[in-house]
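Source file: target_14.txt. Holds: compact mmCIF, C-alpha atoms.
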```
# COMPACT_ATOMS: atom_id res chain seq x y z
CA MET A 1 -26.55 -147.17 -16.32
CA ALA A 2 -29.58 -145.32 -14.89
CA LEU A 3 -28.22 -141.97 -16.05
CA SER A 4 -27.57 -143.23 -19.57
CA VAL A 5 -31.11 -144.64 -19.79
CA GLN A 6 -32.54 -141.32 -18.63
CA PHE A 7 -30.39 -139.42 -21.12
CA TRP A 8 -31.61 -141.59 -24.00
CA SER A 9 -35.23 -141.19 -22.88
CA LEU A 10 -34.87 -137.41 -22.68
CA LEU A 11 -33.19 -137.30 -26.08
CA CYS A 12 -36.06 -139.29 -27.58
CA LEU A 13 -38.62 -137.01 -25.99
CA PHE A 14 -36.76 -133.93 -27.21
CA LEU A 15 -36.81 -135.26 -30.79
CA VAL A 16 -40.52 -136.05 -30.58
CA LEU A 17 -41.36 -132.58 -29.27
CA LEU A 18 -39.07 -130.94 -31.80
CA GLN A 19 -40.96 -132.68 -34.58
CA LEU A 20 -44.38 -131.89 -33.12
CA LEU A 21 -43.79 -128.32 -32.07
CA PHE A 22 -41.82 -127.05 -35.02
CA ALA A 23 -42.71 -129.49 -37.80
CA ALA A 24 -38.98 -130.12 -37.96
CA ALA A 25 -37.27 -132.70 -40.13
CA VAL A 26 -35.67 -134.94 -37.54
CA PRO A 27 -33.75 -138.20 -38.09
CA GLY A 28 -35.73 -141.35 -38.81
CA SER A 29 -34.40 -142.84 -35.56
CA ILE A 30 -37.27 -141.05 -33.78
CA THR A 31 -39.39 -144.07 -34.75
CA GLY A 32 -37.54 -146.24 -32.24
CA CYS A 33 -37.64 -143.83 -29.33
CA TYR A 34 -40.60 -145.38 -27.52
CA THR A 35 -41.83 -148.89 -28.15
CA SER A 36 -45.35 -148.33 -26.82
CA ILE A 37 -47.86 -145.85 -25.40
CA PHE A 38 -50.04 -146.46 -22.36
CA SER A 39 -52.72 -143.83 -21.82
CA PHE A 40 -55.23 -143.06 -19.09
CA GLY A 41 -57.94 -140.42 -18.83
CA ASP A 42 -61.35 -139.46 -20.17
CA SER A 43 -62.96 -138.54 -23.51
CA LEU A 44 -60.01 -136.39 -24.58
CA THR A 45 -57.97 -139.62 -24.76
CA ASP A 46 -60.46 -142.50 -25.19
CA THR A 47 -59.91 -144.29 -28.52
CA GLY A 48 -62.72 -146.83 -28.24
CA ASN A 49 -63.30 -148.11 -24.71
CA LEU A 50 -66.64 -146.33 -24.94
CA TYR A 51 -67.73 -148.99 -27.46
CA PHE A 52 -67.77 -151.62 -24.73
CA ILE A 53 -69.88 -149.71 -22.22
CA SER A 54 -73.52 -150.75 -22.47
CA GLU A 55 -75.23 -147.53 -21.45
CA PRO A 56 -75.36 -144.82 -24.19
CA GLN A 57 -73.65 -141.55 -23.27
CA SER A 58 -74.73 -137.98 -23.95
CA PRO A 59 -73.57 -136.82 -26.39
CA ASP A 60 -73.32 -140.25 -27.99
CA CYS A 61 -69.88 -140.40 -29.59
CA LEU A 62 -70.71 -143.74 -31.20
CA LEU A 63 -73.14 -142.20 -33.68
CA PRO A 64 -72.52 -140.23 -36.91
CA PRO A 65 -71.17 -137.67 -37.59
CA TYR A 66 -68.48 -138.54 -35.00
CA GLY A 67 -65.28 -139.70 -36.68
CA GLU A 68 -66.22 -138.28 -40.07
CA THR A 69 -63.01 -136.35 -40.78
CA HIS A 70 -60.26 -138.96 -40.58
CA PHE A 71 -61.87 -142.33 -39.99
CA GLN A 72 -65.06 -141.68 -42.01
CA ARG A 73 -67.11 -143.42 -39.32
CA PRO A 74 -67.73 -143.34 -35.57
CA ASN A 75 -64.98 -145.24 -33.74
CA GLY A 76 -65.36 -144.34 -30.09
CA ARG A 77 -63.43 -141.06 -30.29
CA CYS A 78 -65.43 -138.04 -29.11
CA SER A 79 -64.40 -135.82 -32.00
CA ASP A 80 -64.67 -135.59 -35.76
CA GLY A 81 -61.27 -137.27 -36.07
CA ARG A 82 -57.97 -137.86 -34.32
CA LEU A 83 -57.05 -136.93 -30.75
CA VAL A 84 -53.75 -135.75 -29.22
CA VAL A 85 -52.81 -139.35 -28.37
CA ASP A 86 -53.27 -140.29 -32.04
CA PHE A 87 -50.94 -137.53 -33.24
CA LEU A 88 -48.35 -138.54 -30.64
CA ALA A 89 -48.54 -142.15 -31.85
CA GLU A 90 -48.06 -141.02 -35.45
CA SER A 91 -44.99 -138.97 -34.50
CA LEU A 92 -43.45 -142.02 -32.82
CA GLY A 93 -44.15 -144.33 -35.74
CA LEU A 94 -46.54 -146.37 -33.59
CA PRO A 95 -50.04 -147.59 -34.43
CA TYR A 96 -53.05 -145.87 -32.90
CA VAL A 97 -53.41 -147.01 -29.30
CA LYS A 98 -55.99 -149.79 -28.95
CA PRO A 99 -58.69 -149.70 -26.22
CA TYR A 100 -58.18 -152.02 -23.27
CA LEU A 101 -61.81 -153.14 -23.16
CA GLY A 102 -61.42 -154.29 -26.75
CA PHE A 103 -58.62 -156.58 -25.62
CA LYS A 104 -60.62 -157.75 -22.62
CA ASN A 105 -63.62 -158.56 -24.84
CA GLY A 106 -61.53 -160.43 -27.40
CA VAL A 107 -61.86 -157.87 -30.19
CA VAL A 108 -58.24 -156.69 -29.95
CA LYS A 109 -55.69 -159.51 -30.23
CA ARG A 110 -52.62 -159.89 -28.03
CA GLY A 111 -50.24 -158.95 -30.84
CA ASN A 112 -51.94 -155.57 -31.10
CA ILE A 113 -51.28 -154.54 -27.49
CA GLU A 114 -47.49 -154.80 -27.44
CA GLN A 115 -47.17 -151.29 -28.87
CA GLY A 116 -49.59 -149.75 -26.43
CA VAL A 117 -52.98 -149.88 -24.76
CA ASN A 118 -55.48 -147.13 -23.99
CA PHE A 119 -57.29 -147.32 -20.65
CA ALA A 120 -59.07 -143.95 -20.92
CA VAL A 121 -62.87 -143.94 -20.88
CA ALA A 122 -65.09 -141.08 -22.02
CA GLY A 123 -66.80 -139.59 -18.98
CA ALA A 124 -64.30 -141.08 -16.51
CA THR A 125 -63.36 -139.26 -13.33
CA ALA A 126 -60.18 -139.04 -11.31
CA LEU A 127 -62.13 -139.78 -8.13
CA ASP A 128 -64.11 -142.98 -7.52
CA ARG A 129 -67.85 -143.28 -8.00
CA SER A 130 -68.41 -143.62 -4.22
CA PHE A 131 -67.01 -140.11 -3.66
CA PHE A 132 -69.76 -138.51 -5.73
CA GLU A 133 -72.50 -140.76 -4.39
CA GLU A 134 -71.56 -139.79 -0.84
CA LYS A 135 -71.91 -136.14 -1.90
CA GLY A 136 -75.44 -136.87 -3.13
CA PHE A 137 -74.75 -136.54 -6.86
CA THR A 138 -76.56 -138.66 -9.43
CA VAL A 139 -73.69 -140.24 -11.34
CA GLY A 140 -73.44 -141.94 -14.71
CA VAL A 141 -72.03 -145.36 -15.52
CA THR A 142 -68.69 -143.89 -16.62
CA THR A 143 -67.76 -143.07 -13.02
CA ASN A 144 -67.29 -146.83 -12.68
CA TYR A 145 -64.09 -146.33 -14.71
CA SER A 146 -62.21 -143.89 -12.52
CA LEU A 147 -58.46 -143.40 -12.74
CA ARG A 148 -57.96 -145.96 -9.96
CA VAL A 149 -59.97 -148.54 -11.93
CA GLN A 150 -57.95 -147.79 -15.07
CA LEU A 151 -54.75 -148.43 -13.07
CA GLU A 152 -56.17 -151.77 -11.94
CA TRP A 153 -56.80 -152.66 -15.58
CA PHE A 154 -53.19 -151.84 -16.39
CA LYS A 155 -51.93 -154.08 -13.60
CA GLU A 156 -54.22 -156.89 -14.79
CA LEU A 157 -52.77 -156.55 -18.30
CA LEU A 158 -49.14 -156.36 -17.24
CA PRO A 159 -48.53 -160.14 -17.16
CA SER A 160 -49.58 -160.21 -20.84
CA LEU A 161 -46.83 -157.70 -21.62
CA CYS A 162 -43.93 -159.03 -19.55
CA ASN A 163 -43.26 -162.00 -17.26
CA SER A 164 -40.27 -161.00 -15.12
CA SER A 165 -39.00 -157.93 -13.31
CA SER A 166 -36.25 -157.44 -15.88
CA SER A 167 -38.58 -157.77 -18.89
CA CYS A 168 -41.14 -155.47 -17.25
CA LYS A 169 -38.44 -152.90 -16.55
CA LYS A 170 -37.46 -153.01 -20.22
CA VAL A 171 -41.06 -152.74 -21.51
CA LEU A 172 -42.17 -149.99 -19.13
CA GLY A 173 -38.88 -148.09 -19.31
CA SER A 174 -39.19 -147.78 -23.08
CA SER A 175 -42.85 -146.78 -23.00
CA LEU A 176 -44.52 -143.38 -22.98
CA PHE A 177 -47.24 -143.00 -20.33
CA ILE A 178 -49.96 -140.38 -20.76
CA VAL A 179 -51.88 -139.68 -17.54
CA GLY A 180 -54.82 -137.49 -18.48
CA GLU A 181 -56.27 -135.14 -19.20
CA ILE A 182 -58.59 -136.05 -16.33
CA GLY A 183 -60.50 -134.12 -13.69
CA GLY A 184 -62.87 -132.12 -15.87
CA ASN A 185 -65.69 -134.60 -15.32
CA ASP A 186 -65.10 -134.55 -11.56
CA TYR A 187 -65.80 -130.82 -11.48
CA GLY A 188 -68.77 -131.23 -13.80
CA TYR A 189 -70.81 -132.71 -10.95
CA PRO A 190 -70.57 -129.78 -8.50
CA LEU A 191 -70.76 -127.30 -11.40
CA SER A 192 -74.10 -128.83 -12.35
CA GLU A 193 -75.47 -127.45 -9.09
CA THR A 194 -73.51 -124.28 -8.39
CA LYS A 195 -71.42 -121.54 -9.93
CA ALA A 196 -70.05 -120.41 -6.57
CA PHE A 197 -66.25 -120.50 -6.81
CA GLY A 198 -65.89 -121.35 -3.14
CA ASP A 199 -68.16 -124.38 -3.42
CA VAL A 200 -66.02 -126.05 -6.07
CA ILE A 201 -62.52 -125.19 -4.80
CA PRO A 202 -62.49 -127.90 -2.06
CA TYR A 203 -62.68 -130.60 -4.76
CA VAL A 204 -59.38 -129.60 -6.35
CA PRO A 205 -56.90 -131.03 -3.80
CA GLN A 206 -58.79 -134.33 -3.83
CA VAL A 207 -58.69 -134.58 -7.62
CA ILE A 208 -54.98 -133.69 -7.64
CA SER A 209 -54.36 -136.34 -4.98
CA ALA A 210 -56.02 -139.01 -7.13
CA ILE A 211 -53.88 -138.05 -10.14
CA THR A 212 -50.74 -138.05 -7.99
CA SER A 213 -51.55 -141.50 -6.61
CA ALA A 214 -51.85 -142.85 -10.15
CA ILE A 215 -48.51 -141.33 -11.17
CA LEU A 216 -46.79 -142.75 -8.08
CA GLU A 217 -48.18 -146.19 -8.73
CA LEU A 218 -47.00 -146.12 -12.35
CA ILE A 219 -43.52 -145.01 -11.26
CA ASP A 220 -43.41 -147.82 -8.70
CA LEU A 221 -44.34 -150.27 -11.46
CA GLY A 222 -41.48 -149.05 -13.64
CA ALA A 223 -42.71 -146.11 -15.72
CA GLU A 224 -39.84 -143.75 -16.58
CA THR A 225 -41.49 -141.17 -18.88
CA LEU A 226 -44.90 -139.70 -18.09
CA VAL A 227 -46.82 -136.90 -19.80
CA VAL A 228 -49.43 -135.32 -17.51
CA PRO A 229 -51.79 -132.84 -19.23
CA GLY A 230 -53.62 -130.05 -17.47
CA ILE A 231 -57.30 -129.23 -17.98
CA LEU A 232 -58.51 -127.16 -20.95
CA PRO A 233 -59.84 -123.58 -20.54
CA LEU A 234 -63.40 -124.79 -20.04
CA GLY A 235 -64.57 -121.22 -19.46
CA CYS A 236 -64.50 -121.14 -23.29
CA ASN A 237 -66.49 -124.38 -23.49
CA SER A 238 -69.75 -123.87 -25.39
CA ALA A 239 -71.77 -126.08 -23.04
CA TYR A 240 -70.63 -124.12 -19.97
CA LEU A 241 -71.05 -120.80 -21.79
CA THR A 242 -74.65 -121.79 -22.49
CA ARG A 243 -75.31 -123.04 -18.96
CA PHE A 244 -73.77 -120.04 -17.20
CA ALA A 245 -74.84 -117.35 -19.68
CA THR A 246 -75.24 -113.92 -18.12
CA ILE A 247 -75.97 -110.37 -19.25
CA ASP A 248 -73.13 -109.10 -17.06
CA GLU A 249 -70.38 -108.34 -19.59
CA LYS A 250 -67.79 -108.15 -16.82
CA GLU A 251 -68.10 -111.93 -16.40
CA TYR A 252 -66.45 -112.44 -19.80
CA ASP A 253 -62.93 -111.83 -21.08
CA GLN A 254 -62.12 -110.26 -24.46
CA ALA A 255 -62.45 -113.61 -26.21
CA GLY A 256 -65.92 -114.14 -24.73
CA CYS A 257 -64.87 -116.83 -22.25
CA LEU A 258 -66.13 -116.91 -18.66
CA LYS A 259 -63.38 -115.45 -16.49
CA TRP A 260 -64.37 -117.07 -13.21
CA LEU A 261 -64.52 -120.53 -14.75
CA ASN A 262 -61.14 -120.25 -16.43
CA MET A 263 -59.69 -118.98 -13.15
CA PHE A 264 -60.96 -122.14 -11.50
CA PHE A 265 -59.35 -124.47 -14.04
CA GLU A 266 -56.13 -122.45 -13.90
CA TYR A 267 -56.15 -123.09 -10.16
CA HIS A 268 -56.43 -126.84 -10.80
CA ASN A 269 -53.51 -126.68 -13.23
CA GLU A 270 -51.39 -124.64 -10.83
CA LEU A 271 -51.88 -127.20 -8.05
CA LEU A 272 -51.14 -130.01 -10.47
CA GLN A 273 -47.85 -128.39 -11.53
CA ILE A 274 -46.84 -127.83 -7.91
CA GLU A 275 -47.40 -131.53 -7.27
CA LEU A 276 -45.46 -132.55 -10.38
CA ASN A 277 -42.53 -130.39 -9.28
CA ARG A 278 -42.58 -132.16 -5.92
CA LEU A 279 -42.54 -135.55 -7.65
CA ARG A 280 -39.60 -134.51 -9.86
CA VAL A 281 -37.55 -133.86 -6.72
CA LEU A 282 -38.52 -137.23 -5.25
CA TYR A 283 -37.87 -139.10 -8.52
CA PRO A 284 -35.02 -137.31 -10.32
CA LEU A 285 -34.45 -140.21 -12.72
CA THR A 286 -38.08 -140.17 -13.91
CA ASN A 287 -39.14 -137.86 -16.73
CA ILE A 288 -42.37 -136.12 -15.71
CA ILE A 289 -43.68 -133.75 -18.38
CA TYR A 290 -46.53 -131.31 -17.86
CA ALA A 291 -48.59 -130.77 -21.04
CA ASP A 292 -50.14 -127.30 -20.89
CA TYR A 293 -53.44 -127.96 -22.63
CA PHE A 294 -54.90 -124.82 -21.04
CA ASN A 295 -52.64 -122.26 -22.71
CA ALA A 296 -52.30 -124.27 -25.91
CA ALA A 297 -56.08 -124.14 -26.39
CA LEU A 298 -56.53 -120.62 -24.99
CA HIS A 299 -54.65 -119.22 -27.99
CA PHE A 300 -57.35 -120.61 -30.27
CA TYR A 301 -59.84 -118.21 -28.69
CA THR A 302 -57.59 -115.17 -28.43
CA SER A 303 -55.98 -115.49 -31.89
CA PRO A 304 -58.27 -117.73 -33.97
CA GLU A 305 -57.06 -116.40 -37.33
CA GLN A 306 -53.55 -117.66 -36.57
CA PHE A 307 -54.87 -121.23 -36.65
CA GLY A 308 -57.38 -120.93 -39.47
CA PHE A 309 -60.45 -120.90 -37.24
CA GLY A 310 -63.55 -118.89 -38.15
CA ASP A 311 -64.78 -115.57 -36.80
CA ASN A 312 -67.06 -116.96 -34.09
CA VAL A 313 -64.54 -119.27 -32.48
CA LEU A 314 -66.86 -120.12 -29.58
CA LYS A 315 -69.49 -121.71 -31.82
CA VAL A 316 -69.90 -125.49 -32.09
CA CYS A 317 -69.44 -127.35 -35.37
CA CYS A 318 -71.97 -130.09 -34.58
CA GLY A 319 -74.85 -128.68 -32.57
CA GLY A 320 -78.55 -127.90 -32.41
CA GLY A 321 -78.75 -124.12 -32.43
CA GLY A 322 -78.51 -121.32 -29.90
CA PRO A 323 -75.97 -118.49 -29.49
CA TYR A 324 -73.08 -120.99 -29.54
CA ASN A 325 -74.87 -123.58 -31.72
CA TYR A 326 -75.06 -125.71 -28.58
CA ASN A 327 -78.41 -127.03 -27.41
CA ASP A 328 -78.65 -129.36 -24.44
CA THR A 329 -81.80 -130.94 -25.90
CA ALA A 330 -80.34 -131.41 -29.39
CA LYS A 331 -76.74 -132.61 -29.14
CA CYS A 332 -74.35 -133.90 -31.76
CA GLY A 333 -75.38 -137.42 -32.73
CA ASP A 334 -79.07 -136.75 -32.04
CA SER A 335 -81.57 -137.10 -34.86
CA GLY A 336 -81.73 -133.97 -37.01
CA VAL A 337 -78.47 -132.48 -35.69
CA ILE A 338 -75.94 -131.98 -38.46
CA ALA A 339 -72.28 -130.99 -38.50
CA CYS A 340 -70.75 -127.95 -40.15
CA ASP A 341 -69.29 -128.25 -43.65
CA ASP A 342 -65.67 -127.77 -42.55
CA PRO A 343 -64.77 -128.83 -38.98
CA SER A 344 -61.20 -127.55 -39.46
CA GLU A 345 -62.59 -124.00 -39.15
CA TYR A 346 -63.93 -124.76 -35.67
CA VAL A 347 -62.33 -125.30 -32.25
CA SER A 348 -65.32 -126.99 -30.64
CA TRP A 349 -66.76 -130.10 -32.20
CA ASP A 350 -69.84 -130.77 -30.05
CA GLY A 351 -69.77 -128.28 -27.16
CA TYR A 352 -67.72 -130.58 -24.94
CA HIS A 353 -64.90 -131.84 -27.14
CA LEU A 354 -62.57 -130.25 -29.65
CA THR A 355 -62.15 -130.86 -33.36
CA GLU A 356 -59.32 -132.84 -34.90
CA ALA A 357 -57.90 -129.55 -36.16
CA ALA A 358 -57.73 -128.18 -32.62
CA TYR A 359 -56.13 -131.35 -31.26
CA ARG A 360 -53.56 -131.24 -34.06
CA TRP A 361 -52.59 -127.67 -33.14
CA MET A 362 -52.49 -128.56 -29.44
CA THR A 363 -50.03 -131.36 -30.17
CA LYS A 364 -47.82 -129.18 -32.33
CA GLY A 365 -47.95 -126.07 -30.19
CA ASP A 366 -47.81 -122.56 -31.60
CA THR A 367 -45.44 -123.17 -34.51
CA SER A 368 -45.29 -119.54 -35.53
CA GLY A 369 -44.54 -118.27 -32.05
CA GLY A 370 -42.42 -121.21 -30.96
CA SER A 371 -44.33 -121.80 -27.73
CA ASN A 372 -43.58 -125.08 -26.03
CA TYR A 373 -46.60 -126.42 -24.15
CA TYR A 374 -44.77 -129.51 -22.87
CA ALA A 375 -42.82 -128.52 -19.77
CA MET A 376 -40.03 -130.94 -18.82
CA LYS A 377 -38.63 -128.83 -16.01
```
So that I can check it, write out the structure of this file as structure tokens.
Amino acid sequence: MALSVQFWSLLCLFLVLLQLLFAAAVPGSITGCYTSIFSFGDSLTDTGNLYFISEPQSPDCLLPPYGETHFQRPNGRCSDGRLVVDFLAESLGLPYVKPYLGFKNGVVKRGNIEQGVNFAVAGATALDRSFFEEKGFTVGVTTNYSLRVQLEWFKELLPSLCNSSSSCKKVLGSSLFIVGEIGGNDYGYPLSETKAFGDVIPYVPQVISAITSAILELIDLGAETLVVPGILPLGCNSAYLTRFATIDEKEYDQAGCLKWLNMFFEYHNELLQIELNRLRVLYPLTNIIYADYFNAALHFYTSPEQFGFGDNVLKVCCGGGGPYNYNDTAKCGDSGVIACDDPSEYVSWDGYHLTEAAYRWMTKGDTSGGSNYYAMK
């Protein structure tokens, strides 16, 4: 029985990825592959939990022009439109995943959570708030919503989804779990004080350990299919490019990205994949998929014309000026800061987050080259 369940789950996942990666016409039965999506992470995945956090964030994703492309209004997503999790939901025939804090605050009704719940919070970290405070960092309110806290929320919600071991096995076994992307905010704290590679490296095993613990806990609870994304190539991130700007041309690659910073995030992704391979051996009946956000996004910067992006692919759509149209004192959402006319020509929306167009391409993969950025091995 276990093998047949795994086979069906893998077949469903194959059909979903076939549709996403190659825009293929697949049978309508794909709609019934997964009954729900449960997602965890930070601003790359948050679909509205940010609404229920009292302290305004910077940039403030709750202000115009956020959400202008698809939703025509701010809705808690830190982009001009849809995120990867939204495109995955569409491909599965599921509604957009509702924010957990909306359910907890009575805004989202019980009937709306049976097809999925989003626990991701913009600005969240993999590690707990106490870790950064012990290191002497001044931390924001979003560190209160670490990956461990998000897992606690999931466990609190579970009795609302199922009331017996058999019903929970059925619900969780037919669900798609997305764990991440997360970790980028963890590294943002030490990177705010140093650019020394050696000073940041010791954080990586601890971040990977926190992600691994979350995956293990979900598997123990009954999760059978998990997608675990890596971190983006943040050496191409406009905010970091502005902060670490240098006249030394050797610091940059041909696309204009910071080589040392991308090497660091590649190191994180390598350690994450090593850990996922270890988990696959321990749990052979669990489908653990690595989503290669790094290489999917890196192609935007090396071959922008292939995706319809403009000449200066490192520039921000919604920003306040400067070489990359990113200004730390005039961010997207601030008074007087306006967005570009066509966000689909840009990779970066606000210097931190990507545009809907970029997220759409990341979900599909490189359709012309046939690259698969979702590794099931």
Discussion item. With distances taken over all atoms listed in the file, which residue among A:Ala89, A:Cys12, A:Ala124, A:Ile219 lies nearest Ser43 in chain A?
Written reply: A:Ala124
Worksheet entry | Distance criterion (all atoms listed in the file): nearest to Val200 in chain A out of A:Leu221, A:Pro233, A:Tyr145, A:Trp260 | A:Trp260
Fill in: Nearby residues (only C-alpha atoms) at most 12 Å from range 157-163 of chain A, same-chain spacing under 3 positions excluded, as a ChimeraX atom specification
/A:36,38,100-101,103-104,109-119,150-154,166-172,175,218,221-222
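For Leu191 in chain A, the list of residues within 10 Å, based on all atoms listed in the file and with local chain neighbours fewer than 5 positions off taken out, reads Asn185, Asp186, Ala196, Phe197, Asp199, Val200, Tyr240, Arg243, Phe244 and Leu261 of chain A.
Proximity ranking of A:Tyr51, A:Phe131, A:Tyr34, A:Phe307 relative to Leu88 in chain A places A:Tyr34 first, based on all atoms listed in the file.
Proximity of A:Thr125, A:Asn105, A:Thr35, A:Ser213 to Val141 in chain A, computed with all atoms listed in the file, is greatest for A:Thr125.
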Fill in: Selected residue, from A:Thr363, A:Thr138, A:Asn262, A:Ser146, that lies nearest to Gly235 in chain A when counting all atoms listed in the file
A:Asn262
Discussion item. Taking 5 positions as the minimum chain separation for residues in the same chain, which residues sit within 10 Å of Gly184 in chain A when counting all atoms listed in the file? Answer as a list in words.
Written reply: Asp42, Ser43, Gly123, Ala124, Thr125, Ala126, Tyr189, Val207, Gly230, Ile231, Leu232, Leu234, Phe265 and His268 of chain A
Practice prompt. Please identify all polymer residues lying at most 7 Å from the point (-52.3, -138.5, -20.3) (file coordinates), using all atoms listed in the file, and present the result as a ChimeraX atom specification.
Written response: /A:39-41,177-181,227-229
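Between CA of Trp349 in chain A and CA of Cys257 in chain A the separation is 16.7 Å.
Each of A:Lys331, A:Lys259, A:Lys195, A:Lys98 was compared to Tyr66 in chain A using all atoms listed in the file, and A:Lys331 turns out to be the nearest.
Selecting by distance to (-80.4, -126.3, -22.4) with a limit of 9 Å and using all atoms listed in the file, one obtains Ala239, Thr242, Arg243, Tyr326, Asn327, Asp328, Thr329 and Ala330 of chain A.
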Discussion item. List the spatial neighbours of range 335-339 of chain A as a PyMOL selection string - criterion: any atom at most 12 Å away, only C-alpha atoms, same-chain residues fewer than 6 positions off excluded.
Written reply: chain A and resi 59-60+63-69+79-80+315-321+325-329+345-346+348-351+355
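Computed from the coordinates, the CA of Ala296 in chain A to CA of Lys364 in chain A distance equals 9.2 Å.
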Edge lengths and centre in Å, axis-aligned, range 91-98 of chain A plus 3 Å each side, as AutoDock Vina command-line options:
```
--center_x -49.7 --center_y -144.4 --center_z -32.3 --size_x 18.5 --size_y 16.8 --size_z 12.8
```
Please rebuild range 314-329 of chain A with N, CA, C and O atoms and return the result as a PDB file, in the frame of the given file.
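selection-v1.pdb, written as the output of this step:
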```
ATOM      1  N   LEU A 314     -66.189-119.454 -30.694  1.00  0.00           N
ATOM      2  CA  LEU A 314     -66.860-120.120 -29.580  1.00  0.00           C
ATOM      3  C   LEU A 314     -68.016-121.002 -30.037  1.00  0.00           C
ATOM      4  O   LEU A 314     -68.574-121.747 -29.244  1.00  0.00           O
ATOM      5  N   LYS A 315     -68.368-120.923 -31.308  1.00  0.00           N
ATOM      6  CA  LYS A 315     -69.490-121.710 -31.820  1.00  0.00           C
ATOM      7  C   LYS A 315     -69.091-123.172 -32.043  1.00  0.00           C
ATOM      8  O   LYS A 315     -67.948-123.489 -32.355  1.00  0.00           O
ATOM      9  N   VAL A 316     -70.081-124.050 -31.932  1.00  0.00           N
ATOM     10  CA  VAL A 316     -69.900-125.490 -32.090  1.00  0.00           C
ATOM     11  C   VAL A 316     -70.093-125.886 -33.545  1.00  0.00           C
ATOM     12  O   VAL A 316     -70.960-125.358 -34.229  1.00  0.00           O
ATOM     13  N   CYS A 317     -69.289-126.832 -34.009  1.00  0.00           N
ATOM     14  CA  CYS A 317     -69.440-127.350 -35.370  1.00  0.00           C
ATOM     15  C   CYS A 317     -70.694-128.227 -35.480  1.00  0.00           C
ATOM     16  O   CYS A 317     -71.479-128.082 -36.410  1.00  0.00           O
ATOM     17  N   CYS A 318     -70.863-129.141 -34.538  1.00  0.00           N
ATOM     18  CA  CYS A 318     -71.970-130.090 -34.580  1.00  0.00           C
ATOM     19  C   CYS A 318     -72.903-129.820 -33.398  1.00  0.00           C
ATOM     20  O   CYS A 318     -72.640-130.266 -32.275  1.00  0.00           O
ATOM     21  N   GLY A 319     -73.959-129.060 -33.655  1.00  0.00           N
ATOM     22  CA  GLY A 319     -74.850-128.680 -32.570  1.00  0.00           C
ATOM     23  C   GLY A 319     -76.253-128.375 -33.057  1.00  0.00           C
ATOM     24  O   GLY A 319     -76.532-128.386 -34.254  1.00  0.00           O
ATOM     25  N   GLY A 320     -77.127-128.065 -32.103  1.00  0.00           N
ATOM     26  CA  GLY A 320     -78.550-127.900 -32.410  1.00  0.00           C
ATOM     27  C   GLY A 320     -79.095-126.517 -32.235  1.00  0.00           C
ATOM     28  O   GLY A 320     -80.262-126.331 -31.874  1.00  0.00           O
ATOM     29  N   GLY A 321     -78.258-125.492 -32.480  1.00  0.00           N
ATOM     30  CA  GLY A 321     -78.750-124.120 -32.430  1.00  0.00           C
ATOM     31  C   GLY A 321     -78.464-123.426 -31.114  1.00  0.00           C
ATOM     32  O   GLY A 321     -77.926-124.008 -30.169  1.00  0.00           O
ATOM     33  N   GLY A 322     -78.808-122.141 -31.067  1.00  0.00           N
ATOM     34  CA  GLY A 322     -78.510-121.320 -29.900  1.00  0.00           C
ATOM     35  C   GLY A 322     -77.346-120.398 -30.186  1.00  0.00           C
ATOM     36  O   GLY A 322     -76.699-120.489 -31.243  1.00  0.00           O
ATOM     37  N   PRO A 323     -77.038-119.485 -29.277  1.00  0.00           N
ATOM     38  CA  PRO A 323     -75.970-118.490 -29.490  1.00  0.00           C
ATOM     39  C   PRO A 323     -74.625-119.119 -29.840  1.00  0.00           C
ATOM     40  O   PRO A 323     -73.843-118.541 -30.591  1.00  0.00           O
ATOM     41  N   TYR A 324     -74.351-120.298 -29.279  1.00  0.00           N
ATOM     42  CA  TYR A 324     -73.080-120.990 -29.540  1.00  0.00           C
ATOM     43  C   TYR A 324     -73.278-122.242 -30.399  1.00  0.00           C
ATOM     44  O   TYR A 324     -72.387-123.063 -30.527  1.00  0.00           O
ATOM     45  N   ASN A 325     -74.470-122.374 -30.978  1.00  0.00           N
ATOM     46  CA  ASN A 325     -74.870-123.580 -31.720  1.00  0.00           C
ATOM     47  C   ASN A 325     -74.810-124.814 -30.831  1.00  0.00           C
ATOM     48  O   ASN A 325     -74.618-125.935 -31.317  1.00  0.00           O
ATOM     49  N   TYR A 326     -74.987-124.598 -29.532  1.00  0.00           N
ATOM     50  CA  TYR A 326     -75.060-125.710 -28.580  1.00  0.00           C
ATOM     51  C   TYR A 326     -76.444-125.717 -27.960  1.00  0.00           C
ATOM     52  O   TYR A 326     -76.916-124.691 -27.452  1.00  0.00           O
ATOM     53  N   ASN A 327     -77.080-126.879 -27.972  1.00  0.00           N
ATOM     54  CA  ASN A 327     -78.410-127.030 -27.410  1.00  0.00           C
ATOM     55  C   ASN A 327     -78.441-128.312 -26.610  1.00  0.00           C
ATOM     56  O   ASN A 327     -78.236-129.399 -27.159  1.00  0.00           O
ATOM     57  N   ASP A 328     -78.700-128.200 -25.327  1.00  0.00           N
ATOM     58  CA  ASP A 328     -78.650-129.360 -24.440  1.00  0.00           C
ATOM     59  C   ASP A 328     -79.702-130.408 -24.790  1.00  0.00           C
ATOM     60  O   ASP A 328     -79.584-131.567 -24.411  1.00  0.00           O
ATOM     61  N   THR A 329     -80.740-129.998 -25.517  1.00  0.00           N
ATOM     62  CA  THR A 329     -81.800-130.940 -25.900  1.00  0.00           C
ATOM     63  C   THR A 329     -81.624-131.443 -27.330  1.00  0.00           C
ATOM     64  O   THR A 329     -82.421-132.253 -27.805  1.00  0.00           O
TER      65      THR A 329
END
```
